[in-house]
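Enquirer: To be precise about what I am sending: the file is called model-v7.cif and holds mmCIF, N, CA and C atoms.
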data_entry
loop_
_atom_site.label_atom_id
_atom_site.label_comp_id
_atom_site.auth_asym_id
_atom_site.auth_seq_id
_atom_site.Cartn_x
_atom_site.Cartn_y
_atom_site.Cartn_z
N MET A 1169 15.04 -6.95 -8.82
CA MET A 1169 14.32 -6.15 -7.86
C MET A 1169 15.24 -5.17 -7.14
N ASN A 1170 16.47 -4.99 -7.63
CA ASN A 1170 17.40 -4.09 -6.95
C ASN A 1170 16.89 -2.67 -6.86
N SER A 1171 16.08 -2.23 -7.81
CA SER A 1171 15.56 -0.86 -7.75
C SER A 1171 14.60 -0.67 -6.58
N LEU A 1172 14.11 -1.74 -6.01
CA LEU A 1172 13.24 -1.62 -4.84
C LEU A 1172 14.04 -1.18 -3.61
N GLN A 1173 15.35 -1.43 -3.59
CA GLN A 1173 16.17 -1.06 -2.44
C GLN A 1173 16.26 0.44 -2.25
N HIS A 1174 15.93 1.21 -3.24
CA HIS A 1174 15.98 2.67 -3.14
C HIS A 1174 14.58 3.26 -3.00
N SER A 1175 13.63 2.43 -2.63
CA SER A 1175 12.24 2.86 -2.51
C SER A 1175 11.86 3.04 -1.05
N VAL A 1176 10.98 3.99 -0.81
CA VAL A 1176 10.44 4.24 0.53
C VAL A 1176 8.93 4.36 0.41
N VAL A 1177 8.21 3.60 1.22
CA VAL A 1177 6.75 3.67 1.23
C VAL A 1177 6.27 4.14 2.59
N HIS A 1178 5.07 4.67 2.60
CA HIS A 1178 4.43 4.98 3.88
C HIS A 1178 2.97 4.59 3.78
N ARG A 1179 2.41 4.32 4.94
CA ARG A 1179 1.00 3.90 5.03
C ARG A 1179 0.12 5.13 4.96
N LEU A 1180 -0.90 5.06 4.12
CA LEU A 1180 -1.87 6.13 4.05
C LEU A 1180 -2.63 6.19 5.37
N PRO A 1181 -3.09 7.37 5.78
CA PRO A 1181 -3.62 7.53 7.13
C PRO A 1181 -4.98 6.89 7.41
N GLN A 1182 -5.66 6.42 6.41
CA GLN A 1182 -6.99 5.85 6.63
C GLN A 1182 -7.01 4.40 6.19
N ASN A 1183 -8.07 3.71 6.58
CA ASN A 1183 -8.37 2.41 6.00
C ASN A 1183 -9.35 2.65 4.87
N TYR A 1184 -9.42 1.70 3.96
CA TYR A 1184 -10.23 1.85 2.75
C TYR A 1184 -11.06 0.60 2.54
N ARG A 1185 -11.93 0.68 1.57
CA ARG A 1185 -12.68 -0.49 1.10
C ARG A 1185 -12.84 -0.34 -0.39
N TRP A 1186 -13.16 -1.46 -1.04
CA TRP A 1186 -13.37 -1.41 -2.48
C TRP A 1186 -14.58 -0.55 -2.78
N GLY A 1187 -14.46 0.30 -3.80
CA GLY A 1187 -15.59 1.10 -4.25
C GLY A 1187 -16.56 0.24 -5.04
N GLY A 1188 -17.78 0.64 -5.07
CA GLY A 1188 -18.77 -0.15 -5.81
C GLY A 1188 -18.97 -1.51 -5.19
N GLU A 1189 -19.01 -2.52 -6.02
CA GLU A 1189 -19.25 -3.88 -5.54
C GLU A 1189 -17.96 -4.70 -5.61
N SER A 1190 -16.96 -4.29 -4.86
CA SER A 1190 -15.66 -4.97 -4.81
C SER A 1190 -15.06 -5.14 -6.20
N SER A 1191 -15.21 -4.11 -7.02
CA SER A 1191 -14.77 -4.20 -8.41
C SER A 1191 -13.27 -4.12 -8.58
N ARG A 1192 -12.54 -3.70 -7.55
CA ARG A 1192 -11.09 -3.58 -7.57
C ARG A 1192 -10.60 -2.55 -8.57
N VAL A 1193 -11.46 -1.63 -8.96
CA VAL A 1193 -11.02 -0.54 -9.84
C VAL A 1193 -11.05 0.79 -9.13
N SER A 1194 -11.60 0.81 -7.93
CA SER A 1194 -11.61 2.04 -7.13
C SER A 1194 -11.72 1.68 -5.65
N VAL A 1195 -11.26 2.61 -4.82
CA VAL A 1195 -11.36 2.45 -3.38
C VAL A 1195 -11.99 3.71 -2.82
N GLU A 1196 -12.50 3.58 -1.61
CA GLU A 1196 -13.05 4.74 -0.91
C GLU A 1196 -12.63 4.66 0.55
N PRO A 1197 -12.34 5.81 1.14
CA PRO A 1197 -11.91 5.79 2.55
C PRO A 1197 -13.05 5.41 3.47
N LEU A 1198 -12.70 4.75 4.57
CA LEU A 1198 -13.69 4.41 5.58
C LEU A 1198 -13.81 5.56 6.57
N LEU A 1199 -14.98 5.78 7.05
CA LEU A 1199 -15.19 6.80 8.08
C LEU A 1199 -14.61 6.29 9.39
N LEU A 1200 -14.13 7.20 10.20
CA LEU A 1200 -13.52 6.82 11.47
C LEU A 1200 -14.49 6.08 12.37
N SER A 1201 -15.77 6.34 12.23
CA SER A 1201 -16.75 5.71 13.11
C SER A 1201 -17.02 4.25 12.73
N ASN A 1202 -16.58 3.84 11.55
CA ASN A 1202 -16.82 2.46 11.13
C ASN A 1202 -15.94 1.50 11.92
N VAL A 1203 -16.49 0.36 12.26
CA VAL A 1203 -15.75 -0.67 12.96
C VAL A 1203 -14.88 -1.40 11.95
N ALA A 1204 -13.65 -1.73 12.32
CA ALA A 1204 -12.75 -2.44 11.42
C ALA A 1204 -13.36 -3.78 11.03
N ALA A 1205 -13.22 -4.10 9.74
CA ALA A 1205 -13.75 -5.35 9.22
C ALA A 1205 -12.64 -6.09 8.49
N ASP A 1206 -12.85 -7.38 8.28
CA ASP A 1206 -11.84 -8.20 7.62
C ASP A 1206 -11.58 -7.77 6.19
N ASP A 1207 -12.55 -7.13 5.56
CA ASP A 1207 -12.35 -6.73 4.16
C ASP A 1207 -11.83 -5.30 4.00
N ASP A 1208 -11.41 -4.67 5.10
CA ASP A 1208 -10.80 -3.34 5.02
C ASP A 1208 -9.47 -3.44 4.26
N LEU A 1209 -9.09 -2.33 3.65
CA LEU A 1209 -7.84 -2.25 2.91
C LEU A 1209 -6.90 -1.25 3.56
N VAL A 1210 -5.62 -1.46 3.37
CA VAL A 1210 -4.58 -0.54 3.79
C VAL A 1210 -3.91 -0.04 2.51
N GLY A 1211 -3.63 1.26 2.46
CA GLY A 1211 -2.98 1.83 1.29
C GLY A 1211 -1.54 2.21 1.59
N LEU A 1212 -0.66 1.94 0.65
CA LEU A 1212 0.74 2.34 0.75
C LEU A 1212 1.08 3.23 -0.43
N SER A 1213 1.79 4.31 -0.14
CA SER A 1213 2.19 5.27 -1.16
C SER A 1213 3.71 5.38 -1.16
N LEU A 1214 4.28 5.70 -2.31
CA LEU A 1214 5.73 5.88 -2.42
C LEU A 1214 6.13 7.29 -2.07
N LEU A 1215 7.16 7.43 -1.27
CA LEU A 1215 7.74 8.74 -0.99
C LEU A 1215 8.96 8.99 -1.87
N SER A 1216 9.52 7.93 -2.42
CA SER A 1216 10.81 8.02 -3.10
C SER A 1216 10.73 8.22 -4.61
N HIS A 1217 9.61 7.94 -5.22
CA HIS A 1217 9.48 8.02 -6.66
C HIS A 1217 8.18 8.74 -7.03
N HIS A 1218 8.19 9.36 -8.19
CA HIS A 1218 7.00 10.05 -8.67
C HIS A 1218 6.84 9.80 -10.16
N GLY A 1219 5.65 10.11 -10.67
CA GLY A 1219 5.40 9.98 -12.10
C GLY A 1219 5.43 8.55 -12.58
N GLN A 1220 5.90 8.37 -13.80
CA GLN A 1220 5.92 7.03 -14.43
C GLN A 1220 6.78 6.06 -13.63
N GLN A 1221 7.88 6.55 -13.09
CA GLN A 1221 8.76 5.67 -12.31
C GLN A 1221 8.03 5.10 -11.09
N ALA A 1222 7.16 5.90 -10.47
CA ALA A 1222 6.39 5.42 -9.31
C ALA A 1222 5.47 4.28 -9.73
N TRP A 1223 4.85 4.40 -10.89
CA TRP A 1223 3.97 3.33 -11.38
C TRP A 1223 4.76 2.04 -11.60
N GLU A 1224 5.97 2.17 -12.16
CA GLU A 1224 6.80 0.99 -12.41
C GLU A 1224 7.24 0.33 -11.11
N VAL A 1225 7.64 1.14 -10.14
CA VAL A 1225 8.07 0.60 -8.84
C VAL A 1225 6.89 -0.07 -8.14
N MET A 1226 5.74 0.56 -8.17
CA MET A 1226 4.56 -0.05 -7.53
C MET A 1226 4.20 -1.38 -8.18
N GLN A 1227 4.38 -1.49 -9.48
CA GLN A 1227 4.11 -2.77 -10.16
C GLN A 1227 5.11 -3.82 -9.71
N MET A 1228 6.38 -3.42 -9.52
CA MET A 1228 7.39 -4.37 -9.01
C MET A 1228 7.03 -4.82 -7.60
N ILE A 1229 6.55 -3.89 -6.78
CA ILE A 1229 6.13 -4.25 -5.42
C ILE A 1229 4.96 -5.21 -5.47
N LYS A 1230 3.99 -4.93 -6.32
CA LYS A 1230 2.83 -5.82 -6.48
C LYS A 1230 3.30 -7.21 -6.90
N ASP A 1231 4.24 -7.28 -7.85
CA ASP A 1231 4.76 -8.57 -8.31
C ASP A 1231 5.47 -9.32 -7.18
N ALA A 1232 6.21 -8.59 -6.34
CA ALA A 1232 6.89 -9.23 -5.20
C ALA A 1232 5.87 -9.82 -4.23
N LEU A 1233 4.74 -9.16 -4.06
CA LEU A 1233 3.70 -9.69 -3.17
C LEU A 1233 2.99 -10.88 -3.81
N THR A 1234 2.80 -10.83 -5.11
CA THR A 1234 2.15 -11.94 -5.82
C THR A 1234 2.97 -13.21 -5.70
N GLU A 1235 4.30 -13.07 -5.67
CA GLU A 1235 5.18 -14.24 -5.54
C GLU A 1235 4.91 -15.02 -4.25
N ILE A 1236 4.43 -14.35 -3.23
CA ILE A 1236 4.12 -15.06 -1.97
C ILE A 1236 2.60 -15.14 -1.77
N GLN A 1237 1.87 -15.01 -2.86
CA GLN A 1237 0.42 -15.18 -2.90
C GLN A 1237 -0.34 -14.18 -2.04
N LEU A 1238 0.18 -12.92 -1.97
CA LEU A 1238 -0.56 -11.84 -1.33
C LEU A 1238 -1.24 -11.04 -2.42
N ASP A 1239 -2.53 -10.90 -2.29
CA ASP A 1239 -3.32 -10.17 -3.28
C ASP A 1239 -3.20 -8.67 -3.03
N SER A 1240 -2.96 -7.91 -4.07
CA SER A 1240 -2.86 -6.45 -3.95
C SER A 1240 -3.30 -5.82 -5.26
N SER A 1241 -3.56 -4.52 -5.20
CA SER A 1241 -3.93 -3.76 -6.40
C SER A 1241 -3.22 -2.42 -6.36
N VAL A 1242 -2.78 -1.97 -7.53
CA VAL A 1242 -2.18 -0.64 -7.67
C VAL A 1242 -3.21 0.24 -8.36
N LEU A 1243 -3.62 1.28 -7.65
CA LEU A 1243 -4.63 2.21 -8.16
C LEU A 1243 -4.17 3.64 -7.93
N GLU A 1244 -4.70 4.55 -8.70
CA GLU A 1244 -4.39 5.96 -8.48
C GLU A 1244 -5.19 6.48 -7.30
N TRP A 1245 -4.49 7.14 -6.38
CA TRP A 1245 -5.13 7.76 -5.23
C TRP A 1245 -4.39 9.07 -4.96
N GLY A 1246 -5.09 10.16 -4.97
CA GLY A 1246 -4.47 11.46 -4.74
C GLY A 1246 -3.47 11.83 -5.83
N GLY A 1247 -3.70 11.35 -7.04
CA GLY A 1247 -2.83 11.67 -8.16
C GLY A 1247 -1.58 10.82 -8.25
N GLU A 1248 -1.40 9.87 -7.35
CA GLU A 1248 -0.21 9.02 -7.33
C GLU A 1248 -0.64 7.55 -7.29
N PRO A 1249 0.22 6.65 -7.77
CA PRO A 1249 -0.09 5.23 -7.64
C PRO A 1249 0.03 4.79 -6.19
N CYS A 1250 -0.92 4.05 -5.73
CA CYS A 1250 -0.89 3.51 -4.37
C CYS A 1250 -1.19 2.03 -4.43
N LEU A 1251 -0.60 1.31 -3.51
CA LEU A 1251 -0.81 -0.12 -3.41
C LEU A 1251 -1.83 -0.38 -2.31
N PHE A 1252 -2.83 -1.17 -2.60
CA PHE A 1252 -3.85 -1.50 -1.61
C PHE A 1252 -3.82 -3.00 -1.35
N VAL A 1253 -3.76 -3.34 -0.05
CA VAL A 1253 -3.76 -4.73 0.38
C VAL A 1253 -4.80 -4.90 1.49
N ALA A 1254 -5.23 -6.12 1.68
CA ALA A 1254 -6.17 -6.40 2.77
C ALA A 1254 -5.51 -6.06 4.10
N ARG A 1255 -6.28 -5.48 5.00
CA ARG A 1255 -5.74 -5.07 6.31
C ARG A 1255 -5.08 -6.25 7.02
N HIS A 1256 -5.66 -7.44 6.92
CA HIS A 1256 -5.08 -8.59 7.60
C HIS A 1256 -3.78 -9.08 6.94
N ASP A 1257 -3.43 -8.55 5.76
CA ASP A 1257 -2.17 -8.88 5.10
C ASP A 1257 -1.10 -7.80 5.27
N GLU A 1258 -1.40 -6.76 6.05
CA GLU A 1258 -0.47 -5.65 6.19
C GLU A 1258 0.88 -6.09 6.75
N SER A 1259 0.91 -6.88 7.79
CA SER A 1259 2.18 -7.31 8.40
C SER A 1259 3.01 -8.13 7.42
N ALA A 1260 2.39 -9.05 6.72
CA ALA A 1260 3.12 -9.86 5.74
C ALA A 1260 3.63 -8.99 4.60
N THR A 1261 2.85 -7.99 4.20
CA THR A 1261 3.27 -7.07 3.14
C THR A 1261 4.50 -6.29 3.57
N ILE A 1262 4.46 -5.73 4.77
CA ILE A 1262 5.59 -4.95 5.28
C ILE A 1262 6.84 -5.83 5.40
N CYS A 1263 6.67 -7.04 5.89
CA CYS A 1263 7.80 -7.97 6.02
C CYS A 1263 8.40 -8.27 4.65
N ARG A 1264 7.57 -8.53 3.66
CA ARG A 1264 8.06 -8.82 2.31
C ARG A 1264 8.82 -7.62 1.74
N LEU A 1265 8.27 -6.43 1.92
CA LEU A 1265 8.94 -5.23 1.40
C LEU A 1265 10.28 -5.01 2.09
N LYS A 1266 10.34 -5.21 3.40
CA LYS A 1266 11.61 -5.06 4.12
C LYS A 1266 12.64 -6.06 3.62
N ASN A 1267 12.20 -7.28 3.28
CA ASN A 1267 13.12 -8.29 2.76
C ASN A 1267 13.74 -7.86 1.43
N PHE A 1268 13.05 -7.03 0.67
CA PHE A 1268 13.57 -6.51 -0.59
C PHE A 1268 14.31 -5.19 -0.40
N GLY A 1269 14.44 -4.73 0.84
CA GLY A 1269 15.18 -3.51 1.11
C GLY A 1269 14.37 -2.23 0.95
N VAL A 1270 13.05 -2.35 0.86
CA VAL A 1270 12.20 -1.17 0.76
C VAL A 1270 12.13 -0.51 2.14
N GLY A 1271 12.34 0.80 2.17
CA GLY A 1271 12.24 1.53 3.43
C GLY A 1271 10.78 1.77 3.78
N ILE A 1272 10.46 1.65 5.05
CA ILE A 1272 9.09 1.86 5.54
C ILE A 1272 9.12 3.11 6.41
N ALA A 1273 8.47 4.17 5.96
CA ALA A 1273 8.43 5.42 6.72
C ALA A 1273 7.41 5.29 7.84
N GLU A 1274 7.82 5.66 9.03
CA GLU A 1274 6.95 5.62 10.20
C GLU A 1274 6.71 7.06 10.67
N PRO A 1275 5.52 7.37 11.14
CA PRO A 1275 5.29 8.72 11.66
C PRO A 1275 6.02 8.90 12.99
N PHE A 1276 6.49 10.10 13.22
CA PHE A 1276 7.14 10.43 14.49
C PHE A 1276 6.10 10.95 15.46
N ASN A 1277 6.13 10.48 16.67
CA ASN A 1277 5.29 11.01 17.74
C ASN A 1277 6.15 11.94 18.57
N ASP A 1278 5.74 13.19 18.67
CA ASP A 1278 6.51 14.18 19.42
C ASP A 1278 6.14 14.08 20.89
N ALA A 1279 6.97 13.36 21.65
CA ALA A 1279 6.69 13.13 23.06
C ALA A 1279 6.92 14.40 23.90
N SER A 1280 7.65 15.37 23.37
CA SER A 1280 7.95 16.58 24.13
C SER A 1280 6.82 17.60 24.07
N ALA A 1281 5.86 17.40 23.19
CA ALA A 1281 4.77 18.39 23.03
C ALA A 1281 3.72 18.27 24.10
#
Take the structure I supplied and represent it as structure tokens, if you would.

Expert:
Amino acid sequence: MNSLQHSVVHRLPQNYRWGGESSRVSVEPLLLSNVAADDDLVGLSLLSHHGQQAWEVMQMIKDALTEIQLDSSVLEWGGEPCLFVARHDESATICRLKNFGVGIAEPFNDASA
């Protein structure tokens, strides 16, 4: 998993849910007016890799989560592979990724504006 140490992920700006009938083959964004639910999903995208290498890294990340029994799916979103996990598993996911040396990009809030 050493190649994960050179990876950087960021959280997609919306919450998602499974498309269709929880088929796990597609996701759709939730509207801002929707109340958060236990079955909401969080999406993570890679900033550090693109193309085929991004798919391989995302599969390694998925495998790392599977080792600790966290369910996730890698799907195409916006032309790139993204990892989707249950919203209630987000903290455990981030902790696991940090343990493997994956960088977590955080948005900057400009306090001077």

Enquirer: Would you pick out the contacts of region 1239-1247 of chain A at 8 Å or less, using all atoms listed in the file, so that residues sharing its chain but fewer than 2 positions from it are not included, and give the list as a VMD selection string?

Expert: chain A and resid 1192 to 1195 1219 1226 to 1227 1230 1233 to 1237 1249 to 1254 1257

Enquirer: Quick one: pull the distance between atom N of Thr1261 (chain A) and atom C of Leu1199 (chain A), Å, one decimal.

Expert: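 So the answer is 23.1 Å.
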
Enquirer: So that I can check the secondary structure, give me every residue of chain A assigned strand (DSSP E) by backbone DSSP, as a PDB file with N, CA and C atoms, in the frame of the given file.

Expert:
ATOM      1  N   VAL A1176      10.980   3.990  -0.810  1.00  0.00           N
ATOM      2  CA  VAL A1176      10.440   4.240   0.530  1.00  0.00           C
ATOM      3  C   VAL A1176       8.930   4.360   0.410  1.00  0.00           C
ATOM      4  N   VAL A1177       8.210   3.600   1.220  1.00  0.00           N
ATOM      5  CA  VAL A1177       6.750   3.670   1.230  1.00  0.00           C
ATOM      6  C   VAL A1177       6.270   4.140   2.590  1.00  0.00           C
ATOM      7  N   HIS A1178       5.070   4.670   2.600  1.00  0.00           N
ATOM      8  CA  HIS A1178       4.430   4.980   3.880  1.00  0.00           C
ATOM      9  C   HIS A1178       2.970   4.590   3.780  1.00  0.00           C
ATOM     10  N   ARG A1179       2.410   4.320   4.940  1.00  0.00           N
ATOM     11  CA  ARG A1179       1.000   3.900   5.030  1.00  0.00           C
ATOM     12  C   ARG A1179       0.120   5.130   4.960  1.00  0.00           C
ATOM     13  N   LEU A1180      -0.900   5.060   4.120  1.00  0.00           N
ATOM     14  CA  LEU A1180      -1.870   6.130   4.050  1.00  0.00           C
ATOM     15  C   LEU A1180      -2.630   6.190   5.370  1.00  0.00           C
ATOM     16  N   PRO A1181      -3.090   7.370   5.780  1.00  0.00           N
ATOM     17  CA  PRO A1181      -3.620   7.530   7.130  1.00  0.00           C
ATOM     18  C   PRO A1181      -4.980   6.890   7.410  1.00  0.00           C
ATOM     19  N   GLN A1182      -5.660   6.420   6.410  1.00  0.00           N
ATOM     20  CA  GLN A1182      -6.990   5.850   6.630  1.00  0.00           C
ATOM     21  C   GLN A1182      -7.010   4.400   6.190  1.00  0.00           C
ATOM     22  N   ASN A1183      -8.070   3.710   6.580  1.00  0.00           N
ATOM     23  CA  ASN A1183      -8.370   2.410   6.000  1.00  0.00           C
ATOM     24  C   ASN A1183      -9.350   2.650   4.870  1.00  0.00           C
ATOM     25  N   TYR A1184      -9.420   1.700   3.960  1.00  0.00           N
ATOM     26  CA  TYR A1184     -10.230   1.850   2.750  1.00  0.00           C
ATOM     27  C   TYR A1184     -11.060   0.600   2.540  1.00  0.00           C
ATOM     28  N   ARG A1185     -11.930   0.680   1.570  1.00  0.00           N
ATOM     29  CA  ARG A1185     -12.680  -0.490   1.100  1.00  0.00           C
ATOM     30  C   ARG A1185     -12.840  -0.340  -0.390  1.00  0.00           C
ATOM     31  N   TRP A1186     -13.160  -1.460  -1.040  1.00  0.00           N
ATOM     32  CA  TRP A1186     -13.370  -1.410  -2.480  1.00  0.00           C
ATOM     33  C   TRP A1186     -14.580  -0.550  -2.780  1.00  0.00           C
ATOM     34  N   VAL A1195     -11.260   2.610  -4.820  1.00  0.00           N
ATOM     35  CA  VAL A1195     -11.360   2.450  -3.380  1.00  0.00           C
ATOM     36  C   VAL A1195     -11.990   3.710  -2.820  1.00  0.00           C
ATOM     37  N   GLU A1196     -12.500   3.580  -1.610  1.00  0.00           N
ATOM     38  CA  GLU A1196     -13.050   4.740  -0.910  1.00  0.00           C
ATOM     39  C   GLU A1196     -12.630   4.660   0.550  1.00  0.00           C
ATOM     40  N   PRO A1197     -12.340   5.810   1.140  1.00  0.00           N
ATOM     41  CA  PRO A1197     -11.910   5.790   2.550  1.00  0.00           C
ATOM     42  C   PRO A1197     -13.050   5.410   3.470  1.00  0.00           C
ATOM     43  N   LEU A1209      -9.090  -2.330   3.650  1.00  0.00           N
ATOM     44  CA  LEU A1209      -7.840  -2.250   2.910  1.00  0.00           C
ATOM     45  C   LEU A1209      -6.900  -1.250   3.560  1.00  0.00           C
ATOM     46  N   VAL A1210      -5.620  -1.460   3.370  1.00  0.00           N
ATOM     47  CA  VAL A1210      -4.580  -0.540   3.790  1.00  0.00           C
ATOM     48  C   VAL A1210      -3.910  -0.040   2.510  1.00  0.00           C
ATOM     49  N   GLY A1211      -3.630   1.260   2.460  1.00  0.00           N
ATOM     50  CA  GLY A1211      -2.980   1.830   1.290  1.00  0.00           C
ATOM     51  C   GLY A1211      -1.540   2.210   1.590  1.00  0.00           C
ATOM     52  N   LEU A1212      -0.660   1.940   0.650  1.00  0.00           N
ATOM     53  CA  LEU A1212       0.740   2.340   0.750  1.00  0.00           C
ATOM     54  C   LEU A1212       1.080   3.230  -0.430  1.00  0.00           C
ATOM     55  N   SER A1213       1.790   4.310  -0.140  1.00  0.00           N
ATOM     56  CA  SER A1213       2.190   5.270  -1.160  1.00  0.00           C
ATOM     57  C   SER A1213       3.710   5.380  -1.160  1.00  0.00           C
ATOM     58  N   LEU A1214       4.280   5.700  -2.310  1.00  0.00           N
ATOM     59  CA  LEU A1214       5.730   5.880  -2.420  1.00  0.00           C
ATOM     60  C   LEU A1214       6.130   7.290  -2.070  1.00  0.00           C
ATOM     61  N   SER A1240      -2.960  -7.910  -4.070  1.00  0.00           N
ATOM     62  CA  SER A1240      -2.860  -6.450  -3.950  1.00  0.00           C
ATOM     63  C   SER A1240      -3.300  -5.820  -5.260  1.00  0.00           C
ATOM     64  N   SER A1241      -3.560  -4.520  -5.200  1.00  0.00           N
ATOM     65  CA  SER A1241      -3.930  -3.760  -6.400  1.00  0.00           C
ATOM     66  C   SER A1241      -3.220  -2.420  -6.360  1.00  0.00           C
ATOM     67  N   VAL A1242      -2.780  -1.970  -7.530  1.00  0.00           N
ATOM     68  CA  VAL A1242      -2.180  -0.640  -7.670  1.00  0.00           C
ATOM     69  C   VAL A1242      -3.210   0.240  -8.360  1.00  0.00           C
ATOM     70  N   LEU A1243      -3.620   1.280  -7.650  1.00  0.00           N
ATOM     71  CA  LEU A1243      -4.630   2.210  -8.160  1.00  0.00           C
ATOM     72  C   LEU A1243      -4.170   3.640  -7.930  1.00  0.00           C
ATOM     73  N   GLU A1244      -4.700   4.550  -8.700  1.00  0.00           N
ATOM     74  CA  GLU A1244      -4.390   5.960  -8.480  1.00  0.00           C
ATOM     75  C   GLU A1244      -5.190   6.480  -7.300  1.00  0.00           C
ATOM     76  N   TRP A1245      -4.490   7.140  -6.380  1.00  0.00           N
ATOM     77  CA  TRP A1245      -5.130   7.760  -5.230  1.00  0.00           C
ATOM     78  C   TRP A1245      -4.390   9.070  -4.960  1.00  0.00           C
ATOM     79  N   GLU A1248      -1.400   9.870  -7.350  1.00  0.00           N
ATOM     80  CA  GLU A1248      -0.210   9.020  -7.330  1.00  0.00           C
ATOM     81  C   GLU A1248      -0.640   7.550  -7.290  1.00  0.00           C
ATOM     82  N   PRO A1249       0.220   6.650  -7.770  1.00  0.00           N
ATOM     83  CA  PRO A1249      -0.090   5.230  -7.640  1.00  0.00           C
ATOM     84  C   PRO A1249       0.030   4.790  -6.190  1.00  0.00           C
ATOM     85  N   CYS A1250      -0.920   4.050  -5.730  1.00  0.00           N
ATOM     86  CA  CYS A1250      -0.890   3.510  -4.370  1.00  0.00           C
ATOM     87  C   CYS A1250      -1.190   2.030  -4.430  1.00  0.00           C
ATOM     88  N   LEU A1251      -0.600   1.310  -3.510  1.00  0.00           N
ATOM     89  CA  LEU A1251      -0.810  -0.120  -3.410  1.00  0.00           C
ATOM     90  C   LEU A1251      -1.830  -0.380  -2.310  1.00  0.00           C
ATOM     91  N   PHE A1252      -2.830  -1.170  -2.600  1.00  0.00           N
ATOM     92  CA  PHE A1252      -3.850  -1.500  -1.610  1.00  0.00           C
ATOM     93  C   PHE A1252      -3.820  -3.000  -1.350  1.00  0.00           C
ATOM     94  N   VAL A1253      -3.760  -3.340  -0.050  1.00  0.00           N
ATOM     95  CA  VAL A1253      -3.760  -4.730   0.380  1.00  0.00           C
ATOM     96  C   VAL A1253      -4.800  -4.900   1.490  1.00  0.00           C
ATOM     97  N   ALA A1254      -5.230  -6.120   1.680  1.00  0.00           N
ATOM     98  CA  ALA A1254      -6.170  -6.400   2.770  1.00  0.00           C
ATOM     99  C   ALA A1254      -5.510  -6.060   4.100  1.00  0.00           C
ATOM    100  N   GLY A1271      12.340   0.800   2.170  1.00  0.00           N
ATOM    101  CA  GLY A1271      12.240   1.530   3.430  1.00  0.00           C
ATOM    102  C   GLY A1271      10.780   1.770   3.780  1.00  0.00           C
ATOM    103  N   ILE A1272      10.460   1.650   5.050  1.00  0.00           N
ATOM    104  CA  ILE A1272       9.090   1.860   5.540  1.00  0.00           C
ATOM    105  C   ILE A1272       9.120   3.110   6.410  1.00  0.00           C
ATOM    106  N   ALA A1273       8.470   4.170   5.960  1.00  0.00           N
ATOM    107  CA  ALA A1273       8.430   5.420   6.720  1.00  0.00           C
ATOM    108  C   ALA A1273       7.410   5.290   7.840  1.00  0.00           C
TER     109      ALA A1273
END

Enquirer: Could you list the residues chosen by the PyMOL selection byres ((chain A and resi 1256) around 7) in this structure as a PyMOL selection string?

Expert: chain A and resi 1206+1208-1210+1253-1255+1257-1260

Enquirer: Running DSSP on the backbone, which parts of chain A land in alpha helix (DSSP H), as a ChimeraX atom specification?

Expert: /A:1219-1235,1258-1267

Enquirer: Compare A:Gln1173, A:Ile1262, A:Arg1185, A:Ala1205 by their minimum atom-to-atom distance to Leu1238 (chain A), counting only C-alpha atoms, and give me the closest one.

Expert: A:Ile1262

Enquirer: In terms of the shortest atom-to-atom distance over only N, CA and C atoms, which of A:Pro1197, A:Ser1216, A:Ala1232, A:Cys1263 is closest to His1178 (chain A)?

Expert: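 Ranking A:Pro1197, A:Ser1216, A:Ala1232, A:Cys1263 by distance to His1178 (chain A), first place goes to A:Ser1216.
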
Enquirer: Name the residues in contact with Ile1272 (chain A) at a cut-off of 7 Å, using all atoms listed in the file, excluding same-chain residues fewer than 5 positions from it; report them as a ChimeraX atom specification.

Expert: /A:1175-1179,1266
